[in-house]
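Raw contents of model.cif, mmCIF, C-alpha atoms and all ligand atoms:
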```cif
data_query
loop_
_atom_site.label_atom_id
_atom_site.label_comp_id
_atom_site.auth_asym_id
_atom_site.auth_seq_id
_atom_site.Cartn_x
_atom_site.Cartn_y
_atom_site.Cartn_z
CA MET G 56 67.37 111.10 183.70
CA SER G 57 67.25 113.38 180.68
CA VAL G 58 69.99 115.81 179.71
CA SER G 59 67.36 117.99 178.06
CA GLY G 60 65.57 118.45 181.38
CA THR G 61 68.62 119.87 183.16
CA ALA G 62 69.48 123.45 183.99
CA ARG G 63 71.37 125.31 181.29
CA PRO G 64 73.98 125.05 179.99
CA VAL G 65 74.69 121.34 179.54
CA GLY G 66 77.98 120.35 181.16
CA LEU G 67 80.05 117.20 181.47
CA PRO G 68 78.23 116.02 184.64
CA GLU G 69 74.87 116.00 182.81
CA ILE G 70 76.39 113.99 179.95
CA ALA G 71 77.94 111.51 182.40
CA GLN G 72 74.63 111.11 184.25
CA ALA G 73 72.87 110.15 181.02
CA LYS G 74 74.82 106.89 180.98
CA GLY G 75 72.72 103.77 181.02
CA ALA G 76 70.80 104.45 184.27
CA LYS G 77 67.37 102.81 184.19
CA GLY G 78 65.03 105.12 182.33
CA ALA G 79 67.86 107.34 181.07
CA THR G 80 66.95 109.37 178.00
CA PRO G 81 69.43 109.04 175.12
CA ILE G 82 71.86 111.91 174.53
CA VAL G 83 71.00 113.89 171.39
CA CYS G 84 73.79 115.30 169.23
CA LEU G 85 73.91 116.90 165.79
CA THR G 86 76.67 118.60 163.87
CA ALA G 87 76.54 122.32 163.08
CA TYR G 88 79.00 124.47 161.19
CA THR G 89 77.34 127.90 161.08
CA THR G 90 75.64 130.31 163.50
CA PRO G 91 72.04 129.98 162.21
CA VAL G 92 72.14 126.19 162.17
CA ALA G 93 73.78 126.13 165.61
CA ARG G 94 70.87 128.22 166.95
CA LEU G 95 68.39 125.59 165.71
CA VAL G 96 70.43 122.66 167.01
CA ASP G 97 70.98 124.37 170.36
CA ARG G 98 67.23 124.49 171.01
CA HIS G 99 66.79 120.74 170.72
CA CYS G 100 70.09 118.94 171.26
CA ASP G 101 72.32 118.18 174.24
CA ILE G 102 75.59 118.34 172.27
CA VAL G 103 76.46 120.38 169.20
CA LEU G 104 79.42 118.96 167.33
CA VAL G 105 81.52 121.03 164.96
CA GLY G 106 82.60 117.95 163.05
CA ASP G 107 85.43 117.85 160.57
CA SER G 108 82.76 116.42 158.25
CA LEU G 109 82.45 120.12 157.36
CA GLY G 110 85.33 119.55 154.93
CA MET G 111 83.13 117.27 152.83
CA VAL G 112 79.73 118.78 153.61
CA LEU G 113 80.56 122.48 153.22
CA HIS G 114 83.85 122.64 151.36
CA GLY G 115 83.39 119.82 148.82
CA LEU G 116 86.49 117.85 149.85
CA ASP G 117 86.68 114.12 149.02
CA SER G 118 87.54 113.20 152.61
CA THR G 119 88.18 114.90 155.94
CA LEU G 120 91.96 114.67 155.48
CA GLY G 121 92.30 118.16 154.00
CA VAL G 122 90.55 119.92 156.88
CA THR G 123 92.80 122.37 158.75
CA LEU G 124 92.88 123.73 162.28
CA GLU G 125 92.04 127.17 160.85
CA MET G 126 88.87 125.79 159.20
CA MET G 127 87.79 124.17 162.48
CA ILE G 128 88.43 127.38 164.42
CA LEU G 129 86.57 129.56 161.91
CA HIS G 130 83.47 127.33 161.97
CA GLY G 131 83.85 126.77 165.72
CA LYS G 132 83.64 130.52 166.34
CA ALA G 133 80.52 130.73 164.17
CA VAL G 134 78.84 127.86 166.02
CA ARG G 135 79.75 129.35 169.40
CA ARG G 136 77.78 132.51 168.49
CA GLY G 137 74.68 130.34 168.04
CA THR G 138 75.13 128.09 171.07
CA GLU G 139 73.76 128.95 174.50
CA ARG G 140 72.74 125.68 176.09
CA ALA G 141 74.18 122.64 174.32
CA LEU G 142 77.64 121.31 175.14
CA MET G 143 79.82 122.42 172.24
CA VAL G 144 82.49 120.01 170.98
CA VAL G 145 84.97 120.76 168.18
CA ASP G 146 86.75 118.08 166.15
CA MET G 147 90.54 118.06 166.04
CA PRO G 148 91.45 117.76 162.34
CA PHE G 149 93.84 115.17 160.86
CA GLY G 150 97.47 115.98 161.60
CA SER G 151 96.76 118.32 164.51
CA TYR G 152 97.06 115.83 167.41
CA GLU G 153 98.55 112.46 166.40
CA GLU G 154 102.25 113.36 166.56
CA SER G 155 102.53 113.70 170.34
CA PRO G 156 100.50 114.56 173.43
CA LYS G 157 102.24 117.97 173.49
CA GLN G 158 101.22 118.73 169.91
CA ALA G 159 97.67 117.69 170.76
CA PHE G 160 97.61 119.90 173.86
CA ARG G 161 98.97 122.94 172.00
CA ASN G 162 96.38 122.67 169.24
CA ALA G 163 93.44 121.64 171.45
CA ALA G 164 94.16 124.54 173.82
CA ARG G 165 94.13 126.88 170.82
CA VAL G 166 90.80 125.45 169.61
CA MET G 167 89.27 125.89 173.06
CA ALA G 168 90.64 129.39 173.62
CA GLU G 169 89.70 130.70 170.17
CA THR G 170 86.27 129.05 169.76
CA GLY G 171 85.04 128.92 173.35
CA CYS G 172 84.05 125.25 172.98
CA ALA G 173 83.69 123.01 176.03
CA ALA G 174 85.53 119.98 174.68
CA VAL G 175 87.39 118.57 171.69
CA LYS G 176 86.88 115.31 169.82
CA LEU G 177 89.66 113.21 168.38
CA GLU G 178 89.72 109.94 166.48
CA GLY G 179 91.51 106.80 167.59
CA GLY G 180 91.41 104.22 170.35
CA THR G 181 94.27 102.52 172.17
CA THR G 182 96.92 104.46 170.26
CA MET G 183 95.41 107.80 171.36
CA ALA G 184 94.85 106.80 175.01
CA GLU G 185 98.09 108.40 176.21
CA THR G 186 97.16 111.65 174.47
CA ILE G 187 93.62 111.60 175.89
CA GLY G 188 95.06 111.17 179.39
CA PHE G 189 97.53 114.02 178.80
CA LEU G 190 94.75 116.38 177.66
CA THR G 191 92.17 115.51 180.29
CA ARG G 192 94.69 115.83 183.16
CA ARG G 193 95.41 119.33 181.86
CA GLY G 194 91.81 120.50 181.73
CA ILE G 195 90.81 119.64 178.17
CA PRO G 196 87.72 117.41 178.08
CA VAL G 197 87.91 114.86 175.27
CA MET G 198 85.22 113.04 173.34
CA ALA G 199 86.83 109.99 171.70
CA HIS G 200 85.80 108.38 168.39
CA VAL G 201 86.34 104.69 167.53
CA GLY G 202 85.09 102.14 165.01
CA LEU G 203 85.01 103.78 161.60
CA THR G 204 87.35 106.73 161.99
CA PRO G 205 87.07 108.72 158.74
CA GLN G 206 90.51 110.32 159.13
CA ALA G 207 91.93 106.78 158.78
CA VAL G 208 89.90 106.04 155.64
CA ASN G 209 93.02 105.05 153.70
CA ALA G 210 94.27 102.68 156.38
CA LEU G 211 90.80 101.17 156.85
CA GLY G 212 90.32 100.68 153.09
CA GLY G 213 87.13 102.75 152.81
CA TYR G 214 84.06 103.66 154.83
CA LYS G 215 83.20 100.04 155.71
CA VAL G 216 81.20 98.64 158.62
CA GLN G 217 83.59 97.92 161.51
CA GLY G 218 83.56 95.16 164.08
CA ARG G 219 82.61 92.13 162.03
CA GLY G 220 84.86 89.20 162.98
CA PRO G 221 88.13 89.52 164.90
CA ASP G 222 88.15 93.33 164.60
CA ALA G 223 85.41 93.45 167.23
CA GLU G 224 87.82 92.67 170.07
CA ARG G 225 90.21 95.42 168.97
CA ILE G 226 87.41 98.00 168.82
CA LEU G 227 86.15 96.92 172.25
CA ASN G 228 89.68 97.43 173.60
CA ASP G 229 89.85 100.83 171.86
CA ALA G 230 86.66 101.89 173.65
CA ARG G 231 87.86 100.54 177.01
CA ASP G 232 91.20 102.30 176.68
CA VAL G 233 89.80 105.72 175.77
CA ALA G 234 87.32 105.46 178.65
CA GLU G 235 90.06 104.53 181.11
CA ALA G 236 92.26 107.33 179.77
CA GLY G 237 89.61 109.89 180.79
CA ALA G 238 87.45 110.58 177.71
CA PHE G 239 84.02 111.81 178.85
CA SER G 240 82.20 110.07 176.00
CA VAL G 241 82.98 108.10 172.87
CA VAL G 242 81.51 108.18 169.39
CA LEU G 243 80.98 104.69 167.93
CA GLU G 244 80.82 105.02 164.16
CA LYS G 245 79.46 102.35 161.83
CA VAL G 246 80.02 99.39 164.15
CA THR G 247 77.72 96.36 164.29
CA GLU G 248 74.80 96.41 166.71
CA PRO G 249 76.07 93.52 168.90
CA LEU G 250 79.43 95.24 169.31
CA ALA G 251 77.85 98.63 170.06
CA ARG G 252 75.66 97.04 172.75
CA ARG G 253 78.61 95.19 174.27
CA ILE G 254 80.78 98.31 174.39
CA THR G 255 77.93 100.36 175.86
CA GLN G 256 77.44 97.77 178.62
CA GLU G 257 81.11 97.38 179.40
CA ILE G 258 82.45 100.93 179.57
CA ALA G 259 81.63 103.60 182.13
CA ILE G 260 81.28 106.58 179.77
CA PRO G 261 78.38 107.33 177.39
CA THR G 262 78.59 105.93 173.88
CA ILE G 263 77.21 108.12 171.12
CA GLY G 264 76.38 106.15 168.02
CA ILE G 265 76.35 107.00 164.34
CA GLY G 266 75.38 103.93 162.37
CA ALA G 267 75.84 101.95 165.59
CA SER G 268 72.24 101.08 166.59
CA ALA G 269 69.90 102.14 169.37
CA GLY G 270 72.09 100.18 171.79
CA CYS G 271 74.20 103.31 172.39
CA ASP G 272 73.66 105.91 175.12
CA GLY G 273 73.08 108.62 172.53
CA GLN G 274 72.90 109.33 168.81
CA VAL G 275 74.67 111.75 166.49
CA LEU G 276 74.10 112.51 162.80
CA VAL G 277 75.64 114.91 160.33
CA ILE G 278 72.96 117.59 160.04
CA ASP G 279 73.10 117.94 156.28
CA ASP G 280 72.49 114.18 155.93
CA MET G 281 69.39 114.14 158.15
CA LEU G 282 68.03 117.27 156.48
CA GLY G 283 68.40 115.64 153.05
CA MET G 284 70.71 118.30 151.63
CA PHE G 285 72.29 115.83 149.20
CA THR G 286 70.07 114.09 146.69
CA ASP G 287 72.84 111.65 145.68
CA PHE G 288 74.01 110.51 149.15
CA GLN G 289 71.90 108.42 151.51
CA PRO G 290 73.80 106.07 153.81
CA LYS G 291 71.75 103.21 155.34
CA PHE G 292 72.21 104.54 158.88
CA VAL G 293 70.78 108.00 158.16
CA LYS G 294 67.09 108.75 158.57
CA ARG G 295 66.10 111.77 156.48
CA TYR G 296 63.79 114.14 158.33
CA ALA G 297 63.50 116.63 155.46
CA GLU G 298 64.33 116.96 151.77
CA LEU G 299 66.02 120.36 151.86
CA GLY G 300 68.24 119.63 148.85
CA ARG G 301 65.26 118.82 146.66
CA ASP G 302 63.23 121.76 148.01
CA ALA G 303 66.16 124.19 147.60
CA GLU G 304 66.68 123.09 144.01
CA ALA G 305 62.98 123.60 143.22
CA ALA G 306 63.14 127.09 144.78
CA ILE G 307 66.27 128.03 142.81
CA ALA G 308 64.73 126.77 139.56
CA ALA G 309 61.55 128.80 140.27
CA PHE G 310 63.63 131.94 140.92
CA ALA G 311 65.61 131.48 137.69
CA ASP G 312 62.38 130.96 135.78
CA ASP G 313 60.74 134.05 137.35
CA VAL G 314 63.73 136.26 136.50
CA ARG G 315 63.96 135.03 132.92
CA SER G 316 60.23 135.49 132.36
CA ARG G 317 60.22 138.90 134.18
CA ARG G 318 57.82 137.70 136.89
CA PHE G 319 60.37 138.75 139.53
CA PRO G 320 60.79 141.37 140.85
CA GLY G 321 57.11 142.32 140.99
CA PRO G 322 55.59 145.68 141.97
CA GLU G 323 55.63 144.62 145.65
CA HIS G 324 59.42 144.26 145.61
CA VAL G 325 60.41 147.69 144.25
CA PHE G 326 60.88 151.15 145.80
CA GLY G 327 59.07 154.23 144.50
CA ASP G 328 59.90 157.87 145.21
CA LYS G 329 57.78 157.93 148.40
O1 LIG G 401 82.92 114.92 161.69
C1 LIG G 401 81.82 114.55 162.11
O2 LIG G 401 80.76 115.11 161.77
C2 LIG G 401 81.79 113.43 163.04
C3 LIG G 401 80.46 112.82 163.34
C4 LIG G 401 79.97 112.09 162.19
C5 LIG G 401 80.51 111.97 164.55
O3 LIG G 401 82.80 113.01 163.49
#
```

Step by step, read the file and then write its structure as structure tokens.
Amino acid sequence: MSVSGTARPVGLPEIAQAKGAKGATPIVCLTAYTTPVARLVDRHCDIVLVGDSLGMVLHGLDSTLGVTLEMMILHGKAVRRGTERALMVVDMPFGSYEESPKQAFRNAARVMAETGCAAVKLEGGTTMAETIGFLTRRGIPVMAHVGLTPQAVNALGGYKVQGRGPDAERILNDARDVAEAGAFSVVLEKVTEPLARRITQEIAIPTIGIGASAGCDGQVLVIDDMLGMFTDFQPKFVKRYAELGRDAEAAIAAFADDVRSRRFPGPEHVFGDK
């Protein structure tokens, strides 16, 4: 069963059906933060994620902790304009959902109403299960996110691989608890392959991996990473499908050179009287 072969638009049932059935095609997800990129992603992916990674990727922040609800809504609206088929999910930023289920509902409802997304994503396992249950029972579909949860970078002591040693059992319980609470899928970030495979076998909802091996039910990457936008950042788990950063820099240097040497604009770029 392939999500990409289903009638448009992709909904939660199609995502659920992509779970582990024999011959199931993995779920494909990329981030997008703008309308033109969303249009490209929408043509090829099952899920478009407006990730709070936009704080680092677009806004130059050191971590995702400074991302606000307003930033997520602004980019969410832009992505919605470019999304026709893919299931659109928007990240809940740090501080917008952890305090209480009611706070999470208020802010998630605002994100859904203002962006038109189909679901929200929030980070955390067992500790967020009550909130996930509260949201899903009230009509807000939730994608969970366990393993390396970047909003907890300070508590985790960096962006380290998760699930080596005794931590594995805790992460497995996190995944079980978010699934039982009603999440429709769960992102597994930077967890070891054996743990990702075990979680994927043991829980009933699709796992979507980032740095978590082909043992997951689907894969997600940050689009700027896979397009090679950054020449100085290449995590082990990212495959680069283009070198846009390098190509953009060469184009900008060529433009600067052309202007300085008066090769641009040429006669073909100017307007005459007629
Ligand atoms: O913010 C983000 O882009 C994410 C993905 C990396 C899963 O959470």

Q: Name the residues, by chain letter and number, that sit within 8 Å of ligand LIG 401 (chain G) using only C-alpha atoms and all ligand atoms, and give them as a ChimeraX atom specification.
A: /G:86,104-109,119,146,176,200,204-205,242,244,264-265,275-277

With C-alpha atoms retained, write the just-selected residues as a PDB file, in the frame of the given file.
```
ATOM      1  CA  THR G  86      76.670 118.600 163.870  1.00  0.00           C
ATOM      2  CA  LEU G 104      79.420 118.960 167.330  1.00  0.00           C
ATOM      3  CA  VAL G 105      81.520 121.030 164.960  1.00  0.00           C
ATOM      4  CA  GLY G 106      82.600 117.950 163.050  1.00  0.00           C
ATOM      5  CA  ASP G 107      85.430 117.850 160.570  1.00  0.00           C
ATOM      6  CA  SER G 108      82.760 116.420 158.250  1.00  0.00           C
ATOM      7  CA  LEU G 109      82.450 120.120 157.360  1.00  0.00           C
ATOM      8  CA  THR G 119      88.180 114.900 155.940  1.00  0.00           C
ATOM      9  CA  ASP G 146      86.750 118.080 166.150  1.00  0.00           C
ATOM     10  CA  LYS G 176      86.880 115.310 169.820  1.00  0.00           C
ATOM     11  CA  HIS G 200      85.800 108.380 168.390  1.00  0.00           C
ATOM     12  CA  THR G 204      87.350 106.730 161.990  1.00  0.00           C
ATOM     13  CA  PRO G 205      87.070 108.720 158.740  1.00  0.00           C
ATOM     14  CA  VAL G 242      81.510 108.180 169.390  1.00  0.00           C
ATOM     15  CA  GLU G 244      80.820 105.020 164.160  1.00  0.00           C
ATOM     16  CA  GLY G 264      76.380 106.150 168.020  1.00  0.00           C
ATOM     17  CA  ILE G 265      76.350 107.000 164.340  1.00  0.00           C
ATOM     18  CA  VAL G 275      74.670 111.750 166.490  1.00  0.00           C
ATOM     19  CA  LEU G 276      74.100 112.510 162.800  1.00  0.00           C
ATOM     20  CA  VAL G 277      75.640 114.910 160.330  1.00  0.00           C
TER      21      VAL G 277
END
```

Q. What separation in Å, quoted to one decimal, exists between CA of Ala141 (chain G) and CA of Asp279 (chain G)?
A. 18.7 Å

So that I can see what lies close to Pro196 (chain G), please list as a PDB file with C-alpha atoms, keeping the file's coordinate frame the residues with an atom at most 8 Å from it, counting only C-alpha atoms and leaving out residues fewer than 2 positions away in the same chain.
```pdb
ATOM      1  CA  ALA G 173      83.690 123.010 176.030  1.00  0.00           C
ATOM      2  CA  ALA G 174      85.530 119.980 174.680  1.00  0.00           C
ATOM      3  CA  VAL G 175      87.390 118.570 171.690  1.00  0.00           C
ATOM      4  CA  LEU G 190      94.750 116.380 177.660  1.00  0.00           C
ATOM      5  CA  THR G 191      92.170 115.510 180.290  1.00  0.00           C
ATOM      6  CA  GLY G 194      91.810 120.500 181.730  1.00  0.00           C
ATOM      7  CA  MET G 198      85.220 113.040 173.340  1.00  0.00           C
ATOM      8  CA  ALA G 238      87.450 110.580 177.710  1.00  0.00           C
ATOM      9  CA  PHE G 239      84.020 111.810 178.850  1.00  0.00           C
TER      10      PHE G 239
END
```

Q) Expressed in Å to a single decimal, how great is the separation between CA of Gly300 (chain G) and CA of Arg94 (chain G)? A)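 So the answer is 20.2 Å.
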
Q) Could you work out how far CA of Thr89 (chain G) lies from CA of Val134 (chain G), giving the answer in Å with one decimal? A)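 CA of Thr89 (chain G) lies 5.2 Å from CA of Val134 (chain G).
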
Q: Kindly indicate which residue among G:Pro320, G:Pro64, G:Gly202, G:Gly137 lies nearest to Asp101 (chain G), using only C-alpha atoms for the distances.
A: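 Ranked by minimum distance to Asp101 (chain G), first place goes to G:Pro64.
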
(Q) Quick one: residues within 10 Å of region 221-225 of chain G, only C-alpha atoms, excluding same-chain residues fewer than 2 positions away - as a PyMOL selection string? (A) chain G and resi 180-181+202+217-219+227-231+246-247+249-251+253-254

(Q) Tell me which residues come within 12 Å of (81.6, 121.8, 159.3), as a ChimeraX atom specification, counting all atoms listed in the file in the file's coordinates. (A) /G:85-90,92-93,103-116,119,122-134,144-148,277-279

Q.
I'd like the contact shell of Ala71 (chain G) - 10 Å cut-off, all atoms listed in the file, skipping same-chain residues fewer than 4 positions apart - returned as a ChimeraX atom specification.
A. /G:58,66-67,75,82,239-240,259-261

Residues as selected, C-alpha atoms, written as a PDB file, in the frame of the given file, can you do that?
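Written out: out.pdb:
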```
ATOM      1  CA  VAL G  58      69.990 115.810 179.710  1.00  0.00           C
ATOM      2  CA  GLY G  66      77.980 120.350 181.160  1.00  0.00           C
ATOM      3  CA  LEU G  67      80.050 117.200 181.470  1.00  0.00           C
ATOM      4  CA  GLY G  75      72.720 103.770 181.020  1.00  0.00           C
ATOM      5  CA  ILE G  82      71.860 111.910 174.530  1.00  0.00           C
ATOM      6  CA  PHE G 239      84.020 111.810 178.850  1.00  0.00           C
ATOM      7  CA  SER G 240      82.200 110.070 176.000  1.00  0.00           C
ATOM      8  CA  ALA G 259      81.630 103.600 182.130  1.00  0.00           C
ATOM      9  CA  ILE G 260      81.280 106.580 179.770  1.00  0.00           C
ATOM     10  CA  PRO G 261      78.380 107.330 177.390  1.00  0.00           C
TER      11      PRO G 261
END
```

Quick one: residues within 10 Å of (96.3, 119.4, 166.5) (file frame), counting all atoms listed in the file, please, as a tab-separated table (two decimals) with C-alpha atoms, in the coordinates of the input.
```tsv
chain	number	residue	atom	x	y	z
G	123	THR	CA	92.80	122.37	158.75
G	124	LEU	CA	92.88	123.73	162.28
G	146	ASP	CA	86.75	118.08	166.15
G	147	MET	CA	90.54	118.06	166.04
G	148	PRO	CA	91.45	117.76	162.34
G	149	PHE	CA	93.84	115.17	160.86
G	150	GLY	CA	97.47	115.98	161.60
G	151	SER	CA	96.76	118.32	164.51
G	152	TYR	CA	97.06	115.83	167.41
G	153	GLU	CA	98.55	112.46	166.40
G	154	GLU	CA	102.25	113.36	166.56
G	155	SER	CA	102.53	113.70	170.34
G	156	PRO	CA	100.50	114.56	173.43
G	157	LYS	CA	102.24	117.97	173.49
G	158	GLN	CA	101.22	118.73	169.91
G	159	ALA	CA	97.67	117.69	170.76
G	160	PHE	CA	97.61	119.90	173.86
G	161	ARG	CA	98.97	122.94	172.00
G	162	ASN	CA	96.38	122.67	169.24
G	163	ALA	CA	93.44	121.64	171.45
G	164	ALA	CA	94.16	124.54	173.82
G	165	ARG	CA	94.13	126.88	170.82
G	166	VAL	CA	90.80	125.45	169.61
G	177	LEU	CA	89.66	113.21	168.38
```

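Using all atoms listed in the file, the residues found no farther than 8 Å from Thr255 (chain G), other than those of its own chain fewer than 5 positions away, are G:Pro261, G:Thr262, G:Gly270, G:Cys271, G:Asp272.
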